[in-house]
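A.B. asks: Starting off with a structure, shown below.
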Amino acid sequence: MTQLLSPRDPAPVEWVNPSSASPILLLCEHAGQAIPEAFGNMGLPSGAIDRHIGWDIGAEALARALATRLSAPLIIQRYSRLVIDCNRPPHSRGAVPSVSDGTVIPQNTELGEADRLARVRAIFDPMEQALRDGFAAHPRRAAFSIHSYTPQMSDGQHRSWHAGFLARADDQTSQIMMDHIAAQAPDLVLGFNEPYQLDDASDWFIPAHAEARGLAHALIEIRNDGLLEDAGVNRWADLLAGAMSKVLETMK
């Protein structure tokens, strides 16, 4: 453990299927809600950590189900995105948010550079090392990041898509996946680069790892009201596992 994390704090990274030679590598950066013991509750209002601002609701369950179906390696990041958002460039302002969807994060409002760096070293860097290890261990042909998003923002913005597939350099992979899912589940509303678009200033895994390695990729966003129960998780796991397999078939 680092100086920031005590022996009672969970390790930042968990591996699923670490020895898998699958051509697909999976990542779930916003899986966890852990807060370092030294931070208390970060001054958050009651229940805030359980909202979408604290983690990606249902994303870990979906990522684990996908790893099982594909026998693929999965890297899970256990700490809340309010401690440090591991899908942001580590030294960007968005990596340690002072406000998230209208909620002030008191622990983060007057953060010094030394404290920011401590979070990077304790939590972001182990995930980064796990990614480097995962890509070095076996040849990978595709990489996917599993996220979820809220259908309703506090400012009234409503997101009507059931899922979004995000990419910049590789829109073909997203299109293959969307076509496969649309054929299997025509009731679902799918969006490309929804509910937002990737950007070097606000995203990390796709620009720094998937694009940099020339891999087939997508950042996958599932609306979190579709992941609240096992049936929804299993439905999406089946659809996405089939879609990812279709991507590999198309690459042959």
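Every chain in the structure tokens has a letter given in the order shown (A, B, ...), and although residue numbers restart at 1 in each chain, ligands are simply numbered from 1 in the order shown.
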Among region 107-225 of chain A, which ones does DSSP place in strand (DSSP E or B), written as a list in words?

C.D. replies: Ala142, Ala143, Phe144, Ser145, Ile146, His147, Ser148, Tyr149, Gln152, His158, Ala163, Gly164, Phe165, Leu166, Leu190, Gly191, Phe192, Ala216, His217, Ala218, Leu219, Ile220, Glu221, Ile222 and Arg223 of chain A

A.B. asks: Identify, on the basis of only C-alpha atoms, every residue whose closest approach to Leu240 (chain A) does not exceed 8 Å; exclude the query and any residue fewer than 5 positions from it along the same chain; express the result as a compact mmCIF listing (two decimals) with all heavy atoms, in the first residue's frame.

C.D. replies:
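Result file follows (result-v4.txt):
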```txt
# COMPACT_ATOMS: atom_id res chain seq x y z
N LEU A 66 -19.29 -10.37 -18.87
CA LEU A 66 -18.62 -10.41 -20.17
C LEU A 66 -17.32 -11.21 -20.10
O LEU A 66 -17.02 -12.01 -20.99
CB LEU A 66 -18.31 -8.99 -20.64
CG LEU A 66 -19.39 -8.27 -21.43
CD1 LEU A 66 -19.00 -6.81 -21.61
CD2 LEU A 66 -19.61 -8.94 -22.77
N MET A 177 -20.64 -3.67 -33.93
CA MET A 177 -21.31 -4.03 -32.69
C MET A 177 -22.76 -3.55 -32.68
O MET A 177 -23.68 -4.29 -32.31
CB MET A 177 -20.55 -3.46 -31.48
CG MET A 177 -19.14 -4.00 -31.34
SD MET A 177 -18.29 -3.36 -29.89
CE MET A 177 -19.09 -4.28 -28.61
N ILE A 181 -26.13 -5.92 -32.48
CA ILE A 181 -27.10 -5.78 -31.39
C ILE A 181 -28.47 -5.39 -31.94
O ILE A 181 -29.50 -5.90 -31.49
CB ILE A 181 -26.59 -4.77 -30.35
CG1 ILE A 181 -25.36 -5.35 -29.64
CG2 ILE A 181 -27.68 -4.41 -29.35
CD1 ILE A 181 -24.64 -4.36 -28.75
```

A.B. asks: Ranking A:Leu26, A:Val189, A:Ile176, A:Ala38 by minimum distance to Arg223 (chain A) and counting only C-alpha atoms, which one comes first?

C.D. replies: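 The closest residue to Arg223 (chain A) is A:Val189.
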
A.B. asks: When distances are computed from only C-alpha atoms, which of A:Gly214, A:Pro73, A:Gly58, A:Pro90 shows the smallest separation from Asn234 (chain A)?

C.D. replies: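 Residue with the minimum atom-to-atom distance to Asn234 (chain A): A:Gly58.
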
A.B. asks: Need the shell around Met42 (chain A): protein/DNA/RNA residues with any atom at most 7 Å away, counting only C-alpha atoms. Skip same-chain ones fewer than 3 positions apart. Format as number ranges by chain?

C.D. replies: A: 39, 105-107

A.B. asks: Which polymer residues have any atom within 9 Å of an atom of Ala31 (chain A), counting only C-alpha atoms, with same-chain residues fewer than 3 positions away left out, as a list in words?

C.D. replies: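 After dropping sequence-adjacent residues, the list is Cys28, Trp55, Asp56, Ile57, Gly58, Ala59, Glu60, Ala61, Ala63, Ile76, Gln77, Arg78, Tyr79, Ser80, Arg81, Ile146 and His147 of chain A.
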
A.B. asks: Find the residues around Thr109 (chain A) up to 12 Å (only C-alpha atoms counted), leave out those fewer than 6 positions away in its own chain, and share them as a ChimeraX atom specification.

C.D. replies: /A:42-44,82-83,93,96-100,103,115-116

A.B. asks: Go through A:Leu166, A:Leu198, A:Ala142, A:Val104 and flag the residue nearest Thr250 (chain A), using only C-alpha atoms for the distances.

C.D. replies: A:Ala142

A.B. asks: Can you work out which one of A:Val233, A:Ala241, A:Met178, A:Ala122 has the shortest atom-to-atom distance to Ala72 (chain A), counting only C-alpha atoms?

C.D. replies: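 Result for the nearest residue to Ala72 (chain A): A:Ala241.
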
A.B. asks: Using only C-alpha atoms, find the one residue out of A:Glu249, A:Asp101, A:Asp238, A:Asp50 that sits nearest to Leu70 (chain A).

C.D. replies: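 Ranking A:Glu249, A:Asp101, A:Asp238, A:Asp50 by distance to Leu70 (chain A), first place goes to A:Asp238.
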
A.B. asks: Compare A:Glu110, A:Asp187, A:Glu194, A:Asp179 by their minimum atom-to-atom distance to Glu221 (chain A), counting only C-alpha atoms, and give me the closest one.

C.D. replies: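 Going through A:Glu110, A:Asp187, A:Glu194, A:Asp179 one by one, the smallest distance to Glu221 (chain A) is for A:Glu194.
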
A.B. asks: So that I can see what lies close to region 126-140 of chain A, please list as a ChimeraX atom specification the residues with an atom at most 7 Å from it, counting only C-alpha atoms and leaving out residues fewer than 6 positions away in the same chain.

C.D. replies: /A:12-13,21,23-25,77

A.B. asks: Quick one: pick out all helix (DSSP H, G or I) residues within region 10-241 of chain A from a backbone DSSP run and write them as a PyMOL selection string.

C.D. replies: chain A and resi 37-39+48-50+59-70+93-95+106-108+113-137+171-184+205-211+224-226+230-241

A.B. asks: Asn224 (chain A): which residues within 7 Å, counting only C-alpha atoms, same-chain residues fewer than 2 positions away excluded, as a list in words?

C.D. replies: Ile57, Gly58, Ser148, Tyr149, Thr150, Ile222, Gly226, Leu227 and Leu228 of chain A

A.B. asks: Could you work out how far CA of Arg235 (chain A) lies from CA of Pro195 (chain A), giving the answer in Å with one decimal?

C.D. replies: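 Taking CA of Pro195 (chain A) as the start and CA of Arg235 (chain A) as the end point, the length is 20.8 Å.
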
A.B. asks: What does the distance from CA of Leu62 (chain A) to CA of Trp236 (chain A) come to in Å, to one decimal?

C.D. replies: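 Spanning CA of Leu62 (chain A) to CA of Trp236 (chain A) is a straight-line distance of 7.3 Å.
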
A.B. asks: For CA of Met153 (chain A) and CA of Tyr196 (chain A), quote the distance in Å rounded to one decimal.

C.D. replies: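 It comes out at 13.0 Å.
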